[in-house]
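Asks: Provided below: work.csv, containing CSV, C-alpha atoms.
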chain,number,residue,atom,x,y,z
K,258,MET,CA,-28.7,12.4,16.0
K,259,SER,CA,-26.6,12.3,12.8
K,260,ASN,CA,-27.8,11.0,9.4
K,261,PHE,CA,-24.3,9.7,8.6
K,262,CYS,CA,-23.7,6.0,9.0
K,263,GLY,CA,-20.7,4.2,10.0
K,264,PRO,CA,-19.5,0.9,8.6
K,265,HIS,CA,-22.2,-1.1,10.2
K,266,GLY,CA,-25.1,1.1,9.1
K,267,ARG,CA,-25.7,2.7,12.5
K,268,PRO,CA,-25.7,6.5,12.8
K,269,ASP,CA,-22.3,7.9,13.6
K,270,ASP,CA,-22.1,11.4,15.1
K,271,LEU,CA,-18.3,11.4,14.7
K,272,LEU,CA,-18.7,11.8,10.9
K,273,SER,CA,-21.1,14.8,11.1
K,274,PRO,CA,-18.5,17.6,11.5
K,275,THR,CA,-16.5,16.5,8.4
K,276,LEU,CA,-19.4,15.5,6.1
K,277,GLY,CA,-22.0,18.0,7.3
K,278,ASP,CA,-21.2,20.6,4.7
K,279,GLN,CA,-21.2,18.1,1.7
K,280,GLN,CA,-24.2,18.1,-0.6
K,281,LEU,CA,-26.6,15.2,-0.5
K,282,GLN,CA,-26.5,12.8,-3.3
K,283,PRO,CA,-28.8,14.0,-6.1
K,284,ALA,CA,-32.1,12.3,-6.5
K,285,GLY,CA,-32.2,9.7,-9.2
K,286,ARG,CA,-30.6,6.4,-10.0
K,287,LYS,CA,-28.0,4.6,-7.8
K,288,PRO,CA,-24.4,4.9,-8.9
K,289,TRP,CA,-22.3,2.0,-10.1
K,290,GLN,CA,-19.7,0.4,-8.0
K,291,PRO,CA,-16.5,2.4,-8.7
K,292,THR,CA,-14.4,-0.7,-9.2
K,293,SER,CA,-16.8,-1.9,-11.9
K,294,LEU,CA,-15.7,1.0,-14.0
K,295,LEU,CA,-12.3,-0.6,-14.5
K,296,TYR,CA,-13.9,-3.2,-16.8
K,297,VAL,CA,-15.3,-0.5,-19.0
K,298,ALA,CA,-12.0,1.3,-19.1
K,299,PHE,CA,-10.0,-1.9,-19.8
K,300,PHE,CA,-12.3,-3.3,-22.6
K,301,GLY,CA,-13.8,-0.1,-24.0
K,302,GLY,CA,-11.0,2.5,-23.9
K,303,ALA,CA,-10.9,6.1,-23.1
K,304,LEU,CA,-14.2,7.3,-24.7
K,305,ALA,CA,-16.3,4.5,-23.1
K,306,TYR,CA,-14.7,5.1,-19.7
K,307,THR,CA,-15.1,8.9,-19.8
K,308,VAL,CA,-18.8,8.7,-20.6
K,309,ILE,CA,-19.5,6.1,-17.9
K,310,ALA,CA,-17.3,7.9,-15.3
K,311,LEU,CA,-19.2,11.2,-16.0
K,312,ILE,CA,-22.6,9.6,-15.5
K,313,ASN,CA,-21.4,7.9,-12.3
K,314,GLY,CA,-19.7,11.1,-11.1
K,315,ARG,CA,-23.1,12.9,-11.3
K,316,ARG,CA,-24.8,10.1,-9.5
K,317,ILE,CA,-22.3,10.2,-6.5
K,318,GLY,CA,-22.4,14.0,-6.4
K,319,LEU,CA,-18.9,14.7,-7.8
K,320,SER,CA,-18.2,18.4,-8.1
K,321,LYS,CA,-18.4,20.1,-11.5
K,322,ASP,CA,-14.7,20.9,-11.4
K,323,LYS,CA,-13.9,17.2,-11.0
K,324,GLN,CA,-16.4,16.3,-13.7
K,325,ASN,CA,-14.7,18.7,-16.1
K,326,LEU,CA,-11.3,17.2,-15.1
K,327,ILE,CA,-12.7,13.7,-16.1
K,328,MET,CA,-13.7,15.2,-19.5
K,329,LEU,CA,-10.3,16.7,-20.0
K,330,LEU,CA,-8.5,13.5,-19.0
K,331,GLY,CA,-10.8,11.6,-21.3
K,332,PHE,CA,-9.9,13.9,-24.2
K,333,ILE,CA,-6.2,13.4,-23.4
K,334,GLY,CA,-6.8,9.6,-23.4
K,335,LEU,CA,-8.5,9.8,-26.8
K,336,VAL,CA,-5.7,11.9,-28.2
K,337,ALA,CA,-3.2,9.3,-26.8
K,338,SER,CA,-5.2,6.6,-28.5
K,339,PHE,CA,-5.1,8.6,-31.8
K,340,ILE,CA,-1.3,8.9,-31.6
K,341,MET,CA,-0.9,5.2,-30.8
K,342,HIS,CA,-3.1,4.3,-33.8
K,343,TYR,CA,-1.1,6.7,-36.0
K,344,PHE,CA,2.2,5.0,-35.2
K,345,PHE,CA,0.8,1.4,-35.2
K,346,PRO,CA,-2.0,1.5,-37.8
K,347,VAL,CA,-4.2,-1.6,-38.2
K,348,ILE,CA,-5.6,-0.4,-41.5
K,349,ASP,CA,-3.6,1.6,-44.1
K,350,GLY,CA,-4.8,4.0,-46.8
K,351,ASN,CA,-5.5,1.1,-49.2
K,352,PHE,CA,-7.7,-0.5,-46.4
K,353,THR,CA,-5.1,-3.3,-46.0
K,354,LEU,CA,-5.2,-5.0,-42.6
K,355,HIS,CA,-1.9,-5.1,-40.8
K,356,THR,CA,-2.3,-8.0,-38.3
K,357,GLU,CA,1.1,-7.5,-36.8
K,358,ASN,CA,-0.1,-4.3,-35.1
K,359,LYS,CA,-3.3,-5.7,-33.7
K,360,LEU,CA,-1.8,-6.9,-30.4
K,361,SER,CA,0.0,-3.7,-29.8
K,362,ILE,CA,-3.2,-1.6,-30.5
K,363,ARG,CA,-5.3,-3.8,-28.2
K,364,LEU,CA,-2.7,-3.6,-25.4
K,365,GLY,CA,-2.2,0.1,-25.9
K,366,ASP,CA,-5.9,1.0,-25.8
K,367,ARG,CA,-6.2,-1.1,-22.6
K,368,ILE,CA,-3.2,0.5,-21.0
K,369,ILE,CA,-4.6,4.0,-21.8
K,370,GLY,CA,-8.1,3.1,-20.5
K,371,THR,CA,-6.7,1.5,-17.3
K,372,ALA,CA,-4.4,4.5,-16.7
K,373,LEU,CA,-7.4,6.8,-17.1
K,374,TYR,CA,-9.4,4.8,-14.6
K,375,LEU,CA,-6.6,4.9,-12.0
K,376,ILE,CA,-6.1,8.6,-12.3
K,377,CYS,CA,-9.8,9.4,-12.2
K,378,SER,CA,-10.6,7.0,-9.4
K,379,SER,CA,-8.1,8.7,-7.2
K,380,PHE,CA,-10.4,11.8,-6.9
K,381,MET,CA,-13.7,10.0,-7.3
K,382,ASN,CA,-13.1,7.9,-4.2
K,383,GLU,CA,-13.9,10.8,-1.8
K,384,ALA,CA,-17.3,11.4,-3.3
K,385,ASN,CA,-18.0,7.6,-3.3
K,386,ARG,CA,-17.1,7.4,0.4
K,387,ILE,CA,-19.4,10.3,1.2
K,388,TYR,CA,-22.1,8.4,-0.7
K,389,GLN,CA,-21.5,5.3,1.3
K,390,TYR,CA,-21.5,7.1,4.6
K,391,ARG,CA,-24.9,8.7,3.9
K,392,CYS,CA,-26.6,5.4,4.5
K,393,LYS,CA,-27.3,4.9,0.8
K,394,THR,CA,-27.6,1.2,0.3
K,395,GLY,CA,-26.2,-0.7,-2.7
K,396,TYR,CA,-25.2,0.1,-6.2
K,397,GLU,CA,-26.8,-0.4,-9.5
K,398,SER,CA,-25.5,-3.1,-11.8
K,399,LEU,CA,-23.2,-2.0,-14.6
K,400,LEU,CA,-23.5,-5.2,-16.6
K,401,GLY,CA,-25.9,-4.2,-19.4
K,402,THR,CA,-24.8,-0.6,-19.5
K,403,GLY,CA,-21.1,-1.6,-19.4
K,404,ILE,CA,-21.4,-4.0,-22.3
K,405,ALA,CA,-23.3,-1.4,-24.3
K,406,ALA,CA,-20.6,1.2,-23.5
K,407,VAL,CA,-17.7,-1.2,-24.4
K,408,VAL,CA,-19.3,-2.2,-27.7
K,409,GLY,CA,-20.9,1.0,-28.7
K,410,LEU,CA,-18.5,3.6,-27.5
K,411,GLY,CA,-15.4,1.5,-28.1
K,412,SER,CA,-16.5,1.2,-31.7
K,413,ALA,CA,-17.3,4.9,-31.9
K,414,GLN,CA,-13.7,5.6,-30.6
K,415,LEU,CA,-12.2,3.6,-33.5
K,416,ILE,CA,-14.5,5.2,-36.0
K,417,ILE,CA,-13.5,8.7,-34.7
K,418,ILE,CA,-9.8,7.8,-34.8
K,419,TYR,CA,-9.8,6.2,-38.2
K,420,GLY,CA,-12.3,8.6,-39.7
K,421,THR,CA,-10.2,11.5,-38.6
K,422,MET,CA,-7.1,9.8,-40.0
K,423,PHE,CA,-8.9,9.1,-43.3
K,424,ILE,CA,-10.4,12.6,-43.6
K,425,THR,CA,-7.1,14.4,-42.9
K,426,GLY,CA,-5.2,12.2,-45.4
K,427,ILE,CA,-3.0,10.4,-42.8
K,428,LEU,CA,-4.3,7.0,-44.0
What do you get writing this file as structure tokens?

Replies:
Amino acid sequence: MSNFCGPHGRPDDLLSPTLGDQQLQPAGRKPWQPTSLLYVAFFGGALAYTVIALINGRRIGLSKDKQNLIMLLGFIGLVASFIMHYFFPVIDGNFTLHTENKLSIRLGDRIIGTALYLICSSFMNEANRIYQYRCKTGYESLLGTGIAAVVGLGSAQLIIIYGTMFITGIL
């Protein structure tokens, strides 16, 4: 009898040959629902999404190569945010607030975060399906952790971007 479950939670021997060589999900906490990560990406940006996606990737048993790819894509997203903030600064060298750029910055950070989510979720789906078919029940709530990531890591991303611009003399 197989330990792989079909959609109704009953063992399914049909799935054994294709999933049999996959590693079991590591012991520890349950992963977050993959679609919930979109909220972190949309509201928190590249840094927040990258950290949450890496933690979730470990929880669903994502390979090290794909975890490294998430880190690389997250770094590229952070660089893209830096470039966007360079061309549309909200604060200049005199610490003057430019409100005309606020909307473009918010929209740009959300587009970058969402694009990062779409790219990473395309290869995280396989590991998530394996997790689902191994009779693991349920997901952990991302509410508290997600809000903390959006506020904390979203703020850290802005501090990194504007701190780098200030230190290098761009501002």

Asks: Of the candidates K:Gly403, K:Pro291, K:Gly334, K:Gly370, which shows the shortest atom-to-atom distance to Ile418 (chain K), using only C-alpha atoms?

Replies: K:Gly334

Asks: Give me the residues near Tyr296 (chain K) as a list in words, where near means some atom within 12 Å (using all atoms listed in the file) and where sequence neighbours in that chain fewer than 4 positions away do not count.

Replies: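 Non-adjacent residues within range: Trp289, Gln290, Pro291, Thr292, Phe300, Gly301, Gly302, Ala303, Ala305, Tyr306, Ile309, Ala310, Arg367, Gly370, Thr371, Leu373, Tyr374, Leu375, Leu399, Leu400, Thr402, Gly403, Ile404, Ala406 and Val407 of chain K.
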
Asks: Quick one, how far is CA of Val408 (chain K) from CA of Arg363 (chain K)?

Replies: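 The value is 14.1 Å.
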
Asks: In Å to one decimal, how far is CA of Ala384 (chain K) from CA of Asn325 (chain K)?

Replies: 15.0 Å

Asks: Mind giving me the straight-line distance from CA of Leu330 (chain K) to CA of Tyr388 (chain K) in Å, one decimal?

Replies: 23.4 Å

Asks: Given all atoms listed in the file as the basis, pick out the residue of K:Gln324, K:Gly365, K:Met422, K:Glu397 nearest to Pro288 (chain K).

Replies: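 Checking each candidate against Pro288 (chain K), we get K:Glu397 as the closest.
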